[in-house]
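Chemist: You'll find protein00.csv just under this line, and it carries CSV, N, CA, C and O atoms.
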chain,number,residue,atom,x,y,z
A,254,MET,N,88.0,71.0,122.0
A,254,MET,CA,89.1,71.8,121.3
A,254,MET,C,89.0,73.2,121.9
A,254,MET,O,88.0,73.8,122.0
A,255,PRO,N,90.2,73.7,122.4
A,255,PRO,CA,90.2,75.1,123.0
A,255,PRO,C,89.9,76.1,121.9
A,255,PRO,O,90.3,75.9,120.7
A,256,GLN,N,89.2,77.1,122.3
A,256,GLN,CA,88.8,78.1,121.3
A,256,GLN,C,89.3,79.5,121.9
A,256,GLN,O,89.2,79.6,123.1
A,257,GLU,N,89.6,80.4,121.0
A,257,GLU,CA,90.1,81.7,121.5
A,257,GLU,C,89.2,82.7,120.7
A,257,GLU,O,89.0,82.6,119.5
A,258,TYR,N,88.7,83.6,121.4
A,258,TYR,CA,87.9,84.7,120.8
A,258,TYR,C,88.5,86.0,121.1
A,258,TYR,O,89.0,86.3,122.2
A,259,LEU,N,88.3,86.9,120.2
A,259,LEU,CA,88.6,88.3,120.4
A,259,LEU,C,87.3,89.1,120.5
A,259,LEU,O,86.4,88.9,119.7
A,260,GLY,N,87.3,90.0,121.5
A,260,GLY,CA,86.1,90.8,121.6
A,260,GLY,C,86.1,92.0,120.6
A,260,GLY,O,86.9,92.0,119.7
A,261,GLY,N,85.2,92.9,120.8
A,261,GLY,CA,85.2,94.0,119.9
A,261,GLY,C,83.8,94.1,119.3
A,261,GLY,O,82.8,94.0,120.0
A,262,CYS,N,83.7,94.4,118.0
A,262,CYS,CA,82.5,94.6,117.3
A,262,CYS,C,81.7,93.2,117.3
A,262,CYS,O,80.5,93.2,117.1
A,263,GLY,N,82.4,92.1,117.4
A,263,GLY,CA,81.8,90.8,117.4
A,263,GLY,C,82.9,89.8,117.7
A,263,GLY,O,84.1,90.1,117.6
A,264,ASP,N,82.6,88.7,118.2
A,264,ASP,CA,83.6,87.7,118.6
A,264,ASP,C,84.1,87.0,117.3
A,264,ASP,O,83.3,86.7,116.4
A,265,VAL,N,85.4,86.8,117.2
A,265,VAL,CA,86.0,86.2,116.1
A,265,VAL,C,86.7,84.9,116.5
A,265,VAL,O,87.6,85.0,117.4
A,266,TYR,N,86.3,83.8,116.0
A,266,TYR,CA,87.0,82.6,116.3
A,266,TYR,C,88.4,82.5,115.7
A,266,TYR,O,88.5,82.7,114.5
A,267,LEU,N,89.4,82.3,116.5
A,267,LEU,CA,90.7,82.2,115.9
A,267,LEU,C,91.3,80.8,115.8
A,267,LEU,O,92.3,80.6,115.2
A,268,GLY,N,90.6,79.9,116.4
A,268,GLY,CA,91.1,78.5,116.3
A,268,GLY,C,92.3,78.2,117.1
A,268,GLY,O,93.0,79.1,117.7
A,269,LEU,N,92.7,77.0,117.2
A,269,LEU,CA,93.8,76.5,118.0
A,269,LEU,C,95.2,77.1,117.5
A,269,LEU,O,96.0,77.4,118.3
A,270,ASP,N,95.4,77.1,116.2
A,270,ASP,CA,96.7,77.4,115.7
A,270,ASP,C,96.8,78.8,115.2
A,270,ASP,O,97.8,79.2,114.6
A,271,CYS,N,95.9,79.7,115.5
A,271,CYS,CA,95.9,81.1,115.1
A,271,CYS,C,96.5,81.9,116.2
A,271,CYS,O,96.3,81.7,117.4
A,272,VAL,N,97.2,82.9,115.8
A,272,VAL,CA,97.8,83.9,116.7
A,272,VAL,C,96.8,85.0,116.9
A,272,VAL,O,96.4,85.7,116.0
A,273,PRO,N,96.5,85.3,118.2
A,273,PRO,CA,95.5,86.4,118.4
A,273,PRO,C,96.2,87.7,118.1
A,273,PRO,O,97.4,87.9,118.2
A,274,VAL,N,95.4,88.7,117.7
A,274,VAL,CA,95.8,90.0,117.4
A,274,VAL,C,96.2,90.6,118.8
A,274,VAL,O,95.4,90.6,119.7
A,275,PRO,N,97.4,91.2,118.9
A,275,PRO,CA,97.7,91.8,120.2
A,275,PRO,C,96.9,93.0,120.5
A,275,PRO,O,96.5,93.7,119.6
A,276,GLU,N,96.5,93.1,121.8
A,276,GLU,CA,95.8,94.3,122.3
A,276,GLU,C,96.7,95.4,122.2
A,276,GLU,O,97.8,95.4,122.8
A,277,ILE,N,96.3,96.5,121.6
A,277,ILE,CA,97.1,97.7,121.5
A,277,ILE,C,96.5,98.7,122.4
A,277,ILE,O,95.3,99.1,122.1
A,278,PRO,N,97.1,99.1,123.5
A,278,PRO,CA,96.5,100.1,124.4
A,278,PRO,C,96.3,101.4,123.7
A,278,PRO,O,97.3,102.0,123.2
A,279,LEU,N,95.1,101.8,123.5
A,279,LEU,CA,94.8,103.1,122.9
A,279,LEU,C,93.9,103.9,123.9
A,279,LEU,O,93.0,103.3,124.5
A,280,SER,N,94.1,105.2,123.9
A,280,SER,CA,93.1,105.9,124.7
A,280,SER,C,91.8,106.0,123.9
A,280,SER,O,91.7,105.7,122.7
A,281,GLU,N,90.7,106.3,124.6
A,281,GLU,CA,89.4,106.3,124.0
A,281,GLU,C,89.4,107.2,122.8
A,281,GLU,O,88.8,107.0,121.8
A,282,SER,N,90.2,108.3,122.8
A,282,SER,CA,90.2,109.3,121.7
A,282,SER,C,91.0,108.7,120.5
A,282,SER,O,90.8,109.2,119.4
A,283,GLN,N,91.8,107.6,120.7
A,283,GLN,CA,92.6,107.1,119.6
A,283,GLN,C,91.9,105.9,119.0
A,283,GLN,O,92.4,105.3,118.0
A,284,THR,N,90.8,105.4,119.5
A,284,THR,CA,90.1,104.2,119.0
A,284,THR,C,89.5,104.6,117.7
A,284,THR,O,88.8,105.6,117.6
A,285,LEU,N,89.7,103.8,116.6
A,285,LEU,CA,89.2,104.0,115.3
A,285,LEU,C,87.8,103.4,115.2
A,285,LEU,O,87.7,102.2,115.4
A,286,SER,N,86.9,104.1,114.7
A,286,SER,CA,85.6,103.6,114.4
A,286,SER,C,85.5,103.1,112.9
A,286,SER,O,86.4,103.6,112.1
A,287,PRO,N,84.6,102.3,112.5
A,287,PRO,CA,84.4,102.0,111.1
A,287,PRO,C,84.3,103.2,110.2
A,287,PRO,O,84.9,103.2,109.1
A,288,HIS,N,83.7,104.3,110.7
A,288,HIS,CA,83.6,105.5,109.9
A,288,HIS,C,85.0,106.1,109.6
A,288,HIS,O,85.2,106.8,108.7
A,289,GLN,N,85.9,105.8,110.5
A,289,GLN,CA,87.3,106.4,110.3
A,289,GLN,C,88.2,105.4,109.5
A,289,GLN,O,89.0,105.9,108.8
A,290,ILE,N,87.9,104.1,109.6
A,290,ILE,CA,88.7,103.1,108.9
A,290,ILE,C,88.4,103.1,107.4
A,290,ILE,O,89.2,103.1,106.5
A,291,VAL,N,87.1,103.1,107.1
A,291,VAL,CA,86.6,103.0,105.7
A,291,VAL,C,87.2,104.1,104.8
A,291,VAL,O,87.7,103.7,103.7
A,292,PRO,N,87.3,105.3,105.2
A,292,PRO,CA,87.9,106.3,104.3
A,292,PRO,C,89.4,106.0,103.9
A,292,PRO,O,89.8,106.4,102.9
A,293,MET,N,90.1,105.3,104.8
A,293,MET,CA,91.5,104.9,104.5
A,293,MET,C,91.5,103.9,103.4
A,293,MET,O,92.6,103.7,102.8
A,294,LEU,N,90.4,103.1,103.2
A,294,LEU,CA,90.4,102.1,102.2
A,294,LEU,C,89.9,102.6,100.9
A,294,LEU,O,90.1,101.9,99.9
A,295,ILE,N,89.4,103.8,100.8
A,295,ILE,CA,88.9,104.3,99.6
A,295,ILE,C,90.1,104.5,98.6
A,295,ILE,O,91.1,105.0,99.0
A,296,GLY,N,89.9,104.0,97.4
A,296,GLY,CA,90.9,104.0,96.4
A,296,GLY,C,91.5,102.6,96.2
A,296,GLY,O,92.1,102.4,95.2
A,297,SER,N,91.2,101.7,97.1
A,297,SER,CA,91.6,100.3,97.0
A,297,SER,C,90.4,99.6,96.4
A,297,SER,O,89.3,99.9,96.8
A,298,THR,N,90.7,98.6,95.6
A,298,THR,CA,89.6,97.7,95.1
A,298,THR,C,89.2,96.7,96.2
A,298,THR,O,90.0,96.4,97.1
A,299,ILE,N,88.0,96.3,96.1
A,299,ILE,CA,87.5,95.2,97.0
A,299,ILE,C,88.3,94.0,96.9
A,299,ILE,O,88.7,93.4,97.9
A,300,GLU,N,88.7,93.7,95.7
A,300,GLU,CA,89.6,92.5,95.4
A,300,GLU,C,90.9,92.7,96.2
A,300,GLU,O,91.4,91.7,96.8
A,301,ALA,N,91.5,93.8,96.1
A,301,ALA,CA,92.8,94.0,96.8
A,301,ALA,C,92.6,94.0,98.4
A,301,ALA,O,93.5,93.4,99.1
A,302,ILE,N,91.6,94.5,98.9
A,302,ILE,CA,91.3,94.5,100.3
A,302,ILE,C,91.0,93.1,100.7
A,302,ILE,O,91.6,92.6,101.8
A,303,GLU,N,90.2,92.3,100.0
A,303,GLU,CA,90.0,90.9,100.3
A,303,GLU,C,91.2,90.1,100.3
A,303,GLU,O,91.5,89.3,101.2
A,304,ARG,N,92.1,90.3,99.2
A,304,ARG,CA,93.3,89.5,99.1
A,304,ARG,C,94.2,89.8,100.3
A,304,ARG,O,94.7,88.8,101.0
A,305,GLU,N,94.3,91.0,100.7
A,305,GLU,CA,95.2,91.3,101.9
A,305,GLU,C,94.6,90.7,103.2
A,305,GLU,O,95.3,90.2,104.0
A,306,LEU,N,93.3,90.8,103.3
A,306,LEU,CA,92.6,90.2,104.5
A,306,LEU,C,92.8,88.7,104.5
A,306,LEU,O,93.2,88.1,105.6
A,307,VAL,N,92.7,88.0,103.4
A,307,VAL,CA,92.9,86.6,103.3
A,307,VAL,C,94.3,86.2,103.6
A,307,VAL,O,94.6,85.3,104.5
A,308,LEU,N,95.3,86.9,103.0
A,308,LEU,CA,96.7,86.6,103.2
A,308,LEU,C,97.2,86.9,104.7
A,308,LEU,O,97.9,86.1,105.3
A,309,GLN,N,96.7,88.0,105.3
A,309,GLN,CA,97.1,88.3,106.6
A,309,GLN,C,96.5,87.4,107.6
A,309,GLN,O,97.1,87.0,108.6
A,310,THR,N,95.2,86.9,107.4
A,310,THR,CA,94.6,86.0,108.2
A,310,THR,C,95.3,84.6,108.1
A,310,THR,O,95.6,84.0,109.1
A,311,LEU,N,95.7,84.2,106.9
A,311,LEU,CA,96.5,83.0,106.7
A,311,LEU,C,97.8,83.1,107.5
A,311,LEU,O,98.2,82.1,108.1
A,312,ALA,N,98.5,84.2,107.4
A,312,ALA,CA,99.7,84.4,108.1
A,312,ALA,C,99.5,84.3,109.6
A,312,ALA,O,100.3,83.6,110.3
A,313,ARG,N,98.5,84.9,110.2
A,313,ARG,CA,98.2,84.8,111.6
A,313,ARG,C,97.9,83.4,112.0
A,313,ARG,O,98.0,83.0,113.2
A,314,CYS,N,97.4,82.6,111.1
A,314,CYS,CA,97.0,81.2,111.4
A,314,CYS,C,98.2,80.3,111.0
A,314,CYS,O,98.0,79.1,110.8
A,315,HIS,N,99.4,80.8,110.9
A,315,HIS,CA,100.6,80.0,110.6
A,315,HIS,C,100.4,79.2,109.3
A,315,HIS,O,100.9,78.1,109.3
A,316,GLY,N,99.7,79.7,108.3
A,316,GLY,CA,99.5,78.9,107.1
A,316,GLY,C,98.5,77.9,107.1
A,316,GLY,O,98.2,77.2,106.1
A,317,ASN,N,97.8,77.7,108.2
A,317,ASN,CA,96.7,76.7,108.4
A,317,ASN,C,95.5,77.2,107.6
A,317,ASN,O,94.7,78.1,108.1
A,318,ARG,N,95.3,76.7,106.4
A,318,ARG,CA,94.2,77.1,105.6
A,318,ARG,C,92.8,76.8,106.1
A,318,ARG,O,91.9,77.6,106.0
A,319,THR,N,92.7,75.7,106.8
A,319,THR,CA,91.4,75.4,107.4
A,319,THR,C,91.0,76.4,108.5
A,319,THR,O,89.9,76.9,108.5
A,320,HIS,N,91.9,76.7,109.4
A,320,HIS,CA,91.6,77.7,110.4
A,320,HIS,C,91.4,79.1,109.8
A,320,HIS,O,90.5,79.8,110.3
A,321,ALA,N,92.2,79.5,108.9
A,321,ALA,CA,92.1,80.8,108.3
A,321,ALA,C,90.7,80.9,107.6
A,321,ALA,O,90.0,81.9,107.7
A,322,ALA,N,90.3,79.8,106.9
A,322,ALA,CA,89.0,79.8,106.2
A,322,ALA,C,87.9,79.9,107.3
A,322,ALA,O,86.9,80.7,107.1
A,323,ARG,N,88.0,79.2,108.4
A,323,ARG,CA,87.0,79.3,109.5
A,323,ARG,C,86.9,80.7,110.0
A,323,ARG,O,85.8,81.2,110.3
A,324,VAL,N,88.1,81.4,110.3
A,324,VAL,CA,88.1,82.7,110.8
A,324,VAL,C,87.3,83.7,109.8
A,324,VAL,O,86.6,84.5,110.3
A,325,LEU,N,87.5,83.5,108.6
A,325,LEU,CA,86.9,84.4,107.5
A,325,LEU,C,85.5,84.0,107.1
A,325,LEU,O,84.9,84.7,106.4
A,326,GLY,N,85.1,82.8,107.6
A,326,GLY,CA,83.7,82.4,107.2
A,326,GLY,C,83.7,81.9,105.8
A,326,GLY,O,82.6,81.9,105.2
A,327,LEU,N,84.8,81.3,105.4
A,327,LEU,CA,84.9,80.7,104.0
A,327,LEU,C,84.9,79.2,104.1
A,327,LEU,O,85.4,78.7,105.1
A,328,SER,N,84.5,78.6,103.0
A,328,SER,CA,84.8,77.1,103.0
A,328,SER,C,86.3,76.9,102.7
A,328,SER,O,86.9,77.8,102.1
A,329,VAL,N,86.8,75.7,103.0
A,329,VAL,CA,88.1,75.4,102.7
A,329,VAL,C,88.4,75.4,101.2
A,329,VAL,O,89.4,75.9,100.8
A,330,ARG,N,87.4,75.0,100.5
A,330,ARG,CA,87.5,75.0,99.0
A,330,ARG,C,87.7,76.4,98.5
A,330,ARG,O,88.5,76.7,97.6
A,331,THR,N,86.8,77.3,99.0
A,331,THR,CA,86.9,78.7,98.6
A,331,THR,C,88.3,79.3,98.9
A,331,THR,O,88.9,80.0,98.1
A,332,MET,N,88.8,79.0,100.1
A,332,MET,CA,90.1,79.5,100.5
A,332,MET,C,91.2,78.9,99.6
A,332,MET,O,92.0,79.7,99.1
A,333,ARG,N,91.1,77.6,99.3
A,333,ARG,CA,92.1,77.0,98.4
A,333,ARG,C,92.0,77.7,97.0
A,333,ARG,O,93.1,78.0,96.4
A,334,ASN,N,90.9,77.9,96.5
A,334,ASN,CA,90.7,78.6,95.2
A,334,ASN,C,91.3,80.0,95.2
A,334,ASN,O,91.9,80.4,94.2
A,335,LYS,N,91.0,80.7,96.3
A,335,LYS,CA,91.6,82.1,96.4
A,335,LYS,C,93.1,82.1,96.4
A,335,LYS,O,93.7,82.8,95.7
A,336,ILE,N,93.7,81.2,97.2
A,336,ILE,CA,95.1,81.1,97.3
A,336,ILE,C,95.7,80.7,95.9
A,336,ILE,O,96.7,81.2,95.5
A,337,ARG,N,95.0,79.8,95.2
A,337,ARG,CA,95.5,79.3,93.9
A,337,ARG,C,95.5,80.5,92.9
A,337,ARG,O,96.4,80.7,92.2
A,338,GLN,N,94.4,81.3,93.0
A,338,GLN,CA,94.3,82.5,92.1
A,338,GLN,C,95.4,83.5,92.5
A,338,GLN,O,96.0,84.1,91.6
A,339,TYR,N,95.6,83.7,93.7
A,339,TYR,CA,96.7,84.7,94.1
A,339,TYR,C,98.0,84.2,93.6
A,339,TYR,O,98.8,85.0,93.1
A,340,ALA,N,98.3,83.0,93.7
A,340,ALA,CA,99.6,82.4,93.2
A,340,ALA,C,99.7,82.6,91.7
A,340,ALA,O,100.7,83.0,91.2
A,341,THR,N,98.6,82.4,91.0
A,341,THR,CA,98.5,82.6,89.5
A,341,THR,C,98.8,84.0,89.2
A,341,THR,O,99.4,84.3,88.2
A,342,ASP,N,98.3,84.9,90.1
A,342,ASP,CA,98.5,86.4,89.8
A,342,ASP,C,99.9,86.9,90.2
A,342,ASP,O,100.2,88.0,90.1
A,343,GLY,N,100.7,85.9,90.7
A,343,GLY,CA,102.1,86.3,91.0
A,343,GLY,C,102.3,86.6,92.5
A,343,GLY,O,103.4,87.1,92.8
A,344,VAL,N,101.3,86.5,93.4
A,344,VAL,CA,101.5,86.8,94.8
A,344,VAL,C,102.2,85.5,95.4
A,344,VAL,O,101.8,84.4,95.2
A,345,ASP,N,103.3,85.8,96.2
A,345,ASP,CA,104.0,84.7,96.9
A,345,ASP,C,103.3,84.5,98.2
A,345,ASP,O,103.6,85.1,99.2
A,346,VAL,N,102.3,83.6,98.2
A,346,VAL,CA,101.5,83.3,99.3
A,346,VAL,C,102.3,82.8,100.5
A,346,VAL,O,102.0,83.1,101.7
A,347,SER,N,103.3,81.9,100.3
A,347,SER,CA,104.0,81.3,101.3
A,347,SER,C,104.8,82.2,102.2
A,347,SER,O,105.1,82.0,103.3
A,348,THR,N,105.3,83.4,101.6
A,348,THR,CA,106.1,84.3,102.4
A,348,THR,C,105.4,85.6,102.7
A,348,THR,O,106.0,86.5,103.2
A,349,HIS,N,104.1,85.7,102.4
A,349,HIS,CA,103.4,86.9,102.6
A,349,HIS,C,103.2,87.1,104.1
A,349,HIS,O,102.9,86.2,104.8
A,350,SER,N,103.5,88.3,104.6
A,350,SER,CA,103.3,88.6,106.1
A,350,SER,C,102.4,89.8,106.3
A,350,SER,O,102.2,90.6,105.4
Taking this structure as input, can you express it in the form of C-alpha coordinates?
Modeler:
Amino acid sequence: MPQEYLGGCGDVYLGLDCVPVPEIPLSESQTLSPHQIVPMLIGSTIEAIERELVLQTLARCHGNRTHAARVLGLSVRTMRNKIRQYATDGVDVSTHS
(Lines of atoms letter the chains of each structure in order from A and count residues from 1; the text may use other names and numbers.)
(Lines give C-alpha, C1' and ligand atoms only; values in the text may rest on other atoms or scores of the structure.)
Protein backbone atom coordinates (compact mmCIF):
# COMPACT_ATOMS: atom_id res chain seq x y z
CA MET A 1 0.00 0.00 0.00
CA PRO A 2 1.51 3.38 -0.94
CA GLN A 3 2.19 5.62 1.97
CA GLU A 4 2.68 9.34 2.06
CA TYR A 5 4.58 11.13 4.78
CA LEU A 6 5.01 14.77 5.63
CA GLY A 7 8.25 15.88 7.16
CA GLY A 8 8.63 18.46 9.87
CA CYS A 9 8.70 17.83 13.60
CA GLY A 10 7.92 14.18 12.88
CA ASP A 11 6.65 12.08 10.05
CA VAL A 12 2.87 11.87 9.81
CA TYR A 13 1.25 8.99 7.95
CA LEU A 14 -1.49 10.33 5.73
CA GLY A 15 -2.62 7.08 4.12
CA LEU A 16 -3.76 6.45 0.60
CA ASP A 17 -6.96 8.53 0.65
CA CYS A 18 -5.70 11.54 2.58
CA VAL A 19 -4.82 14.84 1.00
CA PRO A 20 -1.37 16.08 2.00
CA VAL A 21 -1.07 19.48 3.56
CA PRO A 22 0.25 21.79 0.86
CA GLU A 23 3.73 23.14 1.36
CA ILE A 24 3.47 26.86 2.00
CA PRO A 25 6.69 28.62 1.09
CA LEU A 26 7.71 30.68 4.08
CA SER A 27 10.94 32.44 4.71
CA GLU A 28 12.85 31.22 7.72
CA SER A 29 11.72 34.30 9.63
CA GLN A 30 8.04 33.39 8.98
CA THR A 31 8.22 29.78 10.18
CA LEU A 32 6.16 29.35 13.34
CA SER A 33 7.61 27.39 16.22
CA PRO A 34 5.47 25.56 18.78
CA HIS A 35 6.25 28.42 21.19
CA GLN A 36 4.54 30.79 18.76
CA ILE A 37 1.58 28.54 17.94
CA VAL A 38 0.57 27.61 21.50
CA PRO A 39 -0.12 31.23 22.57
CA MET A 40 -2.63 31.48 19.71
CA LEU A 41 -4.52 28.54 21.22
CA ILE A 42 -4.72 29.98 24.72
CA GLY A 43 -8.33 30.71 25.54
CA SER A 44 -9.56 27.65 23.64
CA THR A 45 -10.46 24.51 25.51
CA ILE A 46 -8.59 21.28 24.88
CA GLU A 47 -11.94 19.81 23.84
CA ALA A 48 -12.46 22.50 21.18
CA ILE A 49 -8.90 22.14 19.85
CA GLU A 50 -9.23 18.36 19.72
CA ARG A 51 -12.61 18.56 17.96
CA GLU A 52 -11.23 20.91 15.31
CA LEU A 53 -8.17 18.68 14.80
CA VAL A 54 -10.35 15.58 14.43
CA LEU A 55 -12.77 17.28 12.03
CA GLN A 56 -10.07 18.86 9.86
CA THR A 57 -8.14 15.59 9.69
CA LEU A 58 -11.34 13.80 8.71
CA ALA A 59 -11.94 16.39 5.97
CA ARG A 60 -8.37 15.99 4.66
CA CYS A 61 -8.98 12.23 4.52
CA HIS A 62 -12.16 12.77 2.46
CA GLY A 63 -14.33 11.44 5.29
CA ASN A 64 -12.38 8.17 5.58
CA ARG A 65 -12.63 7.54 9.32
CA THR A 66 -10.14 4.68 9.32
CA HIS A 67 -7.42 6.77 7.72
CA ALA A 68 -8.19 9.83 9.83
CA ALA A 69 -8.02 7.69 12.99
CA ARG A 70 -4.67 6.29 11.84
CA VAL A 71 -3.28 9.80 11.20
CA LEU A 72 -4.33 10.90 14.69
CA GLY A 73 -3.17 7.73 16.43
CA LEU A 74 -6.71 6.84 17.50
CA SER A 75 -8.57 3.58 17.26
CA VAL A 76 -11.40 3.49 14.75
CA ARG A 77 -13.79 2.93 17.66
CA THR A 78 -12.54 6.08 19.42
CA MET A 79 -12.88 8.05 16.19
CA ARG A 80 -16.44 6.76 15.71
CA ASN A 81 -17.33 7.68 19.30
CA LYS A 82 -15.89 11.19 18.94
CA ILE A 83 -17.80 11.77 15.70
CA ARG A 84 -20.99 10.48 17.31
CA GLN A 85 -20.49 12.87 20.25
CA TYR A 86 -19.83 15.82 17.93
CA ALA A 87 -23.05 15.05 16.04
CA THR A 88 -24.94 14.84 19.36
CA ASP A 89 -23.46 18.25 20.26
CA GLY A 90 -24.90 19.68 17.03
CA VAL A 91 -21.75 19.74 14.88
CA ASP A 92 -22.49 18.85 11.25
CA VAL A 93 -19.60 16.45 10.74
CA SER A 94 -20.44 15.65 7.12
CA THR A 95 -20.05 19.23 5.89
CA HIS A 96 -17.30 20.41 8.19
CA SER A 97 -14.26 21.75 6.32
Chemist: What does the distance between atom CA of A:Leu285 and atom O of A:Gly316 come to in Å, to one decimal place?
Modeler: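 Going from atom CA of A:Leu285 over to atom O of A:Gly316 covers 29.7 Å.
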Chemist: So how far away is atom N of A:Thr298 from atom O of A:Ser328, in Å?
Modeler: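 One can read the atom O of A:Ser328 to atom N of A:Thr298 distance as 22.1 Å.
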Chemist: Do you have the atom N of A:Val291-atom N of A:Lys335 distance handy?
Modeler: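 Atom N of A:Lys335 lies at a distance of 25.2 Å from atom N of A:Val291.
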